[in-house]
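Below: final-v8.txt (compact mmCIF, C-alpha atoms and all ligand atoms)
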```txt
# COMPACT_ATOMS: atom_id res chain seq x y z
CA MET A 465 52.30 184.72 81.30
CA GLU A 466 54.98 183.60 83.73
CA VAL A 467 57.99 181.96 82.05
CA ILE A 468 59.88 179.47 84.24
CA ARG A 469 63.22 178.09 83.16
CA SER A 470 64.10 174.60 84.39
CA LYS A 471 66.82 174.66 87.01
CA ASN A 472 68.83 172.09 85.03
CA ALA A 473 68.63 172.72 81.32
CA GLY A 474 70.84 172.95 78.29
CA ALA A 475 74.44 172.16 77.48
CA CYS A 476 76.07 169.77 79.92
CA TYR A 477 79.69 170.12 80.98
CA GLY A 478 81.01 167.84 78.20
CA VAL A 479 79.05 169.53 75.39
CA GLN A 480 79.94 173.04 76.58
CA ARG A 481 83.61 172.04 76.77
CA ALA A 482 83.48 170.66 73.19
CA LEU A 483 81.81 173.86 71.98
CA ASP A 484 84.36 176.06 73.71
CA LEU A 485 87.23 174.05 72.23
CA ALA A 486 85.69 174.27 68.72
CA LEU A 487 85.12 178.02 69.01
CA LYS A 488 88.68 178.49 70.21
CA ALA A 489 89.92 176.46 67.22
CA SER A 490 87.98 178.77 64.89
CA GLU A 491 89.89 181.79 66.15
CA GLY A 492 93.27 182.65 64.70
CA ASP A 493 93.69 181.21 61.21
CA GLY A 494 90.35 179.46 61.48
CA SER A 495 89.85 176.10 59.93
CA ALA A 496 89.17 172.92 61.83
CA PHE A 497 87.30 169.71 61.15
CA THR A 498 85.02 167.71 63.42
CA LEU A 499 84.47 164.00 62.84
CA GLY A 500 80.72 164.16 62.34
CA PRO A 501 78.61 167.12 63.53
CA LEU A 502 80.00 168.40 66.84
CA ILE A 503 76.60 168.18 68.54
CA HIS A 504 73.05 167.32 67.49
CA ASN A 505 72.03 170.92 67.02
CA PRO A 506 71.65 172.18 63.43
CA GLN A 507 71.87 175.89 64.39
CA VAL A 508 75.12 175.41 66.27
CA VAL A 509 76.58 173.28 63.48
CA ALA A 510 75.68 175.97 60.91
CA ASN A 511 77.25 178.65 63.10
CA LEU A 512 80.45 176.63 63.42
CA GLU A 513 80.53 176.09 59.65
CA ALA A 514 80.30 179.85 59.12
CA ARG A 515 83.38 180.15 61.34
CA GLY A 516 85.31 177.55 59.35
CA VAL A 517 84.72 174.51 61.58
CA LEU A 518 83.43 171.86 59.19
CA ALA A 519 82.00 168.42 59.87
CA VAL A 520 83.56 165.55 57.89
CA LYS A 521 82.82 161.83 57.91
CA GLU A 522 86.36 160.47 57.65
CA PRO A 523 89.68 161.74 59.03
CA GLU A 524 91.07 161.63 55.46
CA GLN A 525 88.69 164.46 54.51
CA ALA A 526 90.45 166.80 56.94
CA THR A 527 93.00 168.50 54.74
CA HIS A 528 94.41 171.27 56.94
CA GLY A 529 93.87 172.94 60.31
CA ALA A 530 93.00 170.85 63.36
CA ILE A 531 90.85 167.73 63.82
CA ILE A 532 88.36 167.84 66.68
CA ILE A 533 87.20 164.63 68.37
CA ARG A 534 83.59 164.99 69.59
CA SER A 535 82.38 164.75 73.19
CA HIS A 536 81.20 161.15 72.81
CA GLY A 537 84.65 159.99 71.77
CA VAL A 538 85.91 157.66 69.04
CA THR A 539 87.15 154.09 68.73
CA PRO A 540 90.89 153.44 69.18
CA ALA A 541 91.13 152.69 65.42
CA VAL A 542 89.58 156.05 64.48
CA ARG A 543 91.87 157.79 66.97
CA ARG A 544 94.87 156.15 65.27
CA SER A 545 93.73 157.27 61.82
CA VAL A 546 93.15 160.79 63.15
CA GLU A 547 96.66 160.86 64.57
CA ALA A 548 98.06 159.44 61.32
CA ARG A 549 96.88 162.57 59.48
CA GLY A 550 99.67 164.47 61.19
CA LEU A 551 97.39 167.46 61.92
CA PRO A 552 96.89 168.92 65.41
CA VAL A 553 94.25 166.94 67.31
CA ILE A 554 91.81 168.65 69.67
CA ASP A 555 90.36 165.97 71.90
CA ALA A 556 86.92 167.10 73.08
CA THR A 557 85.99 163.64 74.40
CA CYS A 558 83.97 164.32 77.55
CA PRO A 559 86.06 163.26 80.57
CA HIS A 560 83.12 161.10 81.74
CA VAL A 561 83.15 159.26 78.40
CA ALA A 562 86.94 158.85 78.60
CA ARG A 563 86.45 157.29 82.04
CA ALA A 564 83.89 154.84 80.57
CA GLN A 565 86.32 153.94 77.76
CA LYS A 566 89.03 153.20 80.31
CA ALA A 567 86.55 151.15 82.37
CA ALA A 568 85.60 149.10 79.27
CA ALA A 569 89.27 148.27 78.65
CA THR A 570 89.97 147.40 82.29
CA LEU A 571 86.89 145.17 82.54
CA ALA A 572 87.91 143.48 79.30
CA GLU A 573 91.31 142.60 80.76
CA GLU A 574 89.90 141.46 84.08
CA CYS A 575 86.78 139.58 82.93
CA GLY A 576 87.33 138.61 79.28
CA TYR A 577 83.65 139.33 78.53
CA VAL A 578 82.03 142.76 78.71
CA VAL A 579 78.37 143.75 78.58
CA VAL A 580 77.94 147.36 77.44
CA VAL A 581 74.63 148.76 78.66
CA GLY A 582 73.62 151.19 75.94
CA GLU A 583 72.13 151.89 72.56
CA GLU A 584 73.51 149.71 69.78
CA GLY A 585 75.10 151.84 67.04
CA HIS A 586 75.46 155.02 69.11
CA PRO A 587 78.95 156.49 68.57
CA GLU A 588 79.80 156.44 72.27
CA VAL A 589 78.72 152.78 72.53
CA GLU A 590 80.76 151.91 69.43
CA GLY A 591 83.75 153.45 71.21
CA LEU A 592 83.17 151.45 74.40
CA VAL A 593 82.74 148.23 72.42
CA ALA A 594 85.96 148.87 70.50
CA TYR A 595 87.96 149.64 73.67
CA ALA A 596 86.80 146.35 75.21
CA HIS A 597 87.51 144.42 71.97
CA GLU A 598 90.99 145.87 71.67
CA ALA A 599 91.70 144.71 75.21
CA GLY A 600 90.81 141.17 74.10
CA ALA A 601 87.26 140.67 75.37
CA GLN A 602 84.09 139.36 73.85
CA VAL A 603 81.51 142.15 73.95
CA HIS A 604 77.73 142.31 73.96
CA VAL A 605 75.56 145.46 73.83
CA ALA A 606 72.28 145.37 75.78
CA GLU A 607 69.81 148.19 76.30
CA THR A 608 67.49 146.01 78.39
CA ALA A 609 67.67 142.57 80.00
CA ALA A 610 65.79 141.19 76.99
CA ASP A 611 68.82 141.97 74.78
CA LEU A 612 71.12 139.66 76.77
CA PRO A 613 72.30 136.39 75.22
CA VAL A 614 71.25 133.26 77.10
CA ASP A 615 74.75 131.80 77.22
CA LEU A 616 76.74 134.34 79.23
CA PRO A 617 79.98 133.11 80.81
CA GLU A 618 80.18 132.71 84.62
CA HIS A 619 81.66 136.15 85.17
CA VAL A 620 81.17 139.32 83.11
CA GLY A 621 82.21 142.96 83.30
CA VAL A 622 79.51 145.61 82.90
CA VAL A 623 80.03 149.18 81.73
CA VAL A 624 77.36 151.77 80.91
CA GLN A 625 76.91 154.36 78.17
CA THR A 626 77.12 157.65 80.10
CA THR A 627 73.65 158.86 79.07
CA GLN A 628 71.80 155.71 80.16
CA THR A 629 69.70 155.73 83.33
CA ARG A 630 70.47 153.77 86.51
CA ASP A 631 67.14 151.96 85.91
CA ALA A 632 68.47 150.64 82.59
CA LEU A 633 71.65 149.46 84.33
CA ASP A 634 69.64 147.77 87.10
CA ASP A 635 67.39 146.04 84.57
CA VAL A 636 70.38 144.56 82.70
CA LEU A 637 72.10 143.58 85.97
CA GLU A 638 68.98 141.76 87.10
CA GLY A 639 68.93 139.86 83.80
CA ILE A 640 72.61 138.91 84.21
CA ARG A 641 72.14 137.74 87.81
CA ALA A 642 69.01 135.80 86.87
CA GLN A 643 71.31 133.59 84.76
CA GLY A 644 73.45 132.94 87.87
CA VAL A 645 76.25 135.05 86.37
CA ALA A 646 78.53 137.25 88.53
CA ALA A 647 78.84 140.86 87.33
CA GLN A 648 81.76 143.21 87.95
CA VAL A 649 80.18 146.63 87.44
CA LYS A 650 81.66 150.02 86.58
CA ASP A 651 78.83 152.49 86.97
CA THR A 652 79.71 155.15 84.40
CA VAL A 653 76.28 156.82 84.25
CA CYS A 654 76.62 160.61 84.01
CA THR A 655 74.18 162.41 86.28
CA ALA A 656 73.81 165.44 83.97
CA THR A 657 71.14 163.67 81.90
CA ARG A 658 69.20 162.43 84.92
CA GLN A 659 69.27 165.86 86.59
CA ARG A 660 67.83 167.43 83.43
CA GLN A 661 65.13 164.78 83.16
CA GLN A 662 64.10 165.06 86.81
CA ALA A 663 63.99 168.87 86.74
CA ALA A 664 62.00 168.83 83.46
CA ALA A 665 59.42 166.34 84.79
CA GLU A 666 59.01 168.40 87.96
CA LEU A 667 58.55 171.63 86.03
CA ALA A 668 56.22 170.06 83.44
CA GLY A 669 53.93 169.00 86.30
CA GLN A 670 53.66 172.60 87.53
CA VAL A 671 53.04 174.64 84.36
CA ASP A 672 50.23 174.97 81.80
CA ALA A 673 52.56 174.41 78.85
CA ILE A 674 56.23 173.58 78.37
CA VAL A 675 58.72 174.22 75.60
CA VAL A 676 61.59 171.78 75.03
CA ILE A 677 64.46 173.19 72.97
CA GLY A 678 66.92 171.04 71.04
CA GLY A 679 67.66 169.33 67.74
CA ARG A 680 64.94 166.99 66.44
CA ASN A 681 67.83 164.62 65.68
CA SER A 682 68.97 164.76 69.32
CA ALA A 683 67.96 161.60 71.16
CA ASN A 684 68.31 163.19 74.59
CA THR A 685 66.10 166.16 73.63
CA THR A 686 63.43 163.90 72.13
CA HIS A 687 63.46 161.84 75.30
CA LEU A 688 63.18 165.00 77.40
CA ALA A 689 60.12 166.02 75.34
CA GLU A 690 58.55 162.59 75.96
CA ILE A 691 59.11 162.94 79.71
CA CYS A 692 57.50 166.40 79.66
CA ALA A 693 54.56 165.22 77.52
CA ALA A 694 53.80 162.53 80.10
CA GLU A 695 53.33 165.29 82.71
CA CYS A 696 52.02 168.11 80.54
CA PRO A 697 49.93 167.55 77.37
CA ARG A 698 50.86 171.01 76.03
CA THR A 699 54.51 170.11 75.40
CA HIS A 700 56.20 171.65 72.34
CA HIS A 701 59.58 170.47 71.03
CA ILE A 702 61.29 173.24 69.02
CA GLU A 703 64.74 173.79 67.56
CA SER A 704 64.74 177.58 67.71
CA ALA A 705 62.79 180.60 69.00
CA ALA A 706 61.49 181.30 65.47
CA GLU A 707 59.20 178.27 65.70
CA LEU A 708 57.27 179.59 68.73
CA ASP A 709 53.59 180.17 68.03
CA SER A 710 51.57 182.33 70.45
CA ALA A 711 48.45 180.18 69.74
CA TRP A 712 50.14 177.33 71.65
CA PHE A 713 49.92 179.33 74.86
CA ALA A 714 46.33 180.63 74.67
CA GLY A 715 44.88 180.73 78.19
CA CYS A 716 48.21 179.74 79.83
CA SER A 717 49.28 181.57 82.96
CA SER A 718 52.63 179.76 83.18
CA VAL A 719 54.99 178.18 80.66
CA GLY A 720 58.09 176.15 81.39
CA VAL A 721 61.29 176.06 79.34
CA THR A 722 63.81 173.25 79.26
CA ALA A 723 66.48 172.15 76.80
CA GLY A 724 68.47 169.09 75.79
CA ALA A 725 72.15 168.66 76.62
CA SER A 726 73.15 169.90 73.16
CA THR A 727 71.42 173.28 73.47
CA PRO A 728 73.68 176.24 74.33
CA ASP A 729 72.51 178.91 76.79
CA ASP A 730 72.05 181.67 74.20
CA GLN A 731 69.36 179.61 72.42
CA ILE A 732 67.51 179.11 75.70
CA ASP A 733 67.78 182.86 76.49
CA GLU A 734 66.29 183.72 73.10
CA VAL A 735 63.29 181.44 73.65
CA VAL A 736 62.70 182.77 77.18
CA GLN A 737 62.85 186.36 75.95
CA ARG A 738 60.43 185.73 73.10
CA LEU A 739 57.98 183.94 75.41
CA GLU A 740 58.17 186.82 77.88
CA ARG A 741 57.19 189.23 75.11
CA MET A 742 54.12 187.14 74.17
FE1 LIG B 1 79.64 164.28 79.29
FE2 LIG B 1 77.55 163.72 80.71
FE3 LIG B 1 77.42 165.56 78.90
S1 LIG B 1 78.94 162.27 79.80
S2 LIG B 1 78.87 164.96 77.34
S3 LIG B 1 78.67 165.63 80.76
S4 LIG B 1 75.81 164.12 79.38
```
As structure tokens, what does this structure read like?
Amino acid sequence: MEVIRSKNAGACYGVQRALDLALKASEGDGSAFTLGPLIHNPQVVANLEARGVLAVKEPEQATHGAIIIRSHGVTPAVRRSVEARGLPVIDATCPHVARAQKAAATLAEECGYVVVVGEEGHPEVEGLVAYAHEAGAQVHVAETAADLPVDLPEHVGVVVQTTQTRDALDDVLEGIRAQGVAAQVKDTVCTATRQRQQAAAELAGQVDAIVVIGGRNSANTTHLAEICAAECPRTHHIESAAELDSAWFAGCSSVGVTAGASTPDDQIDEVVQRLERM
């Protein structure tokens, strides 16, 4: 059975950077705290815990060591309470997310009303909303044009959650323009997600079966699995190599492997090696 690894798979730049920073923090005297799990990957989170990097919900629960801000960033208020703890702060906010936060604040100042294209309640979106609010704007979150209010002002700023697609942005922009409203747009889409999705769809169309690796609680991995399933009915979403079942690949001459943005390379290697032994 030929095992083909997707040309774009696994940890993106921002996630890898956050992981590297957390691992570095665990060296030396050890302890550090992340505000929420560092990434949506239970194995990685457990490994970090074993090294003394613990996930907490509130900055107040960090009692010693350093506090790590995750790749999808925090609201200005959370950042202030982190800084108020007086502990060293390791800012692992992905630079692309930081750029989106800055864009949200600038649009707020220039337009007074900001539409955030993204998923309501997602931590990154909460950050973007808060940055725009703090800069004095009214803010609305819309994942599709249908989520837009009908009474938009004449001129709005538009910023995008980094992991959204350009199609989602275009859909919301069309809805805004259909109301005769002018939009000042900061396109903050990160191409890492799109590259992974395109490569996975391409690969899924070429193989007999495909394995998608990543946390079941990871939205981007689940979405990747959906994209693969549309091209290849024998799509299997797993969290680790231990879940692989040789019966899934009966009669297959090729199997593809891809992984969500929160899956480190060593987990992908392990799955590829196990498949090659099957
Ligand atoms: Fe950053 Fe893009 Fe990853 S925004 S965290 S590099 S998906």
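The nearest approach to Thr686 in chain A among the residues A:His504, A:Arg469, A:Arg741, A:His597, with only C-alpha atoms taken into account, belongs to A:His504.
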What do you get as a PyMOL selection string if you pick all residues at most 6 Å from ligand LIG 1 (chain B), counting only C-alpha atoms and all ligand atoms?
chain A and resi 476-479+535+558+560-561+626-627+654+656-657
Counting all atoms listed in the file, closest pick from A:His700, A:His604, A:Lys488, A:His536 relative to Asp672 in chain A is A:His700
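Here CA of Glu584 in chain A is placed at a distance of 28.8 Å from CA of Asp484 in chain A.
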Counting all atoms listed in the file, the residue among A:Gly679, A:Gly537, A:Pro697, A:Gly621 that lies closest to Leu592 in chain A is A:Gly537
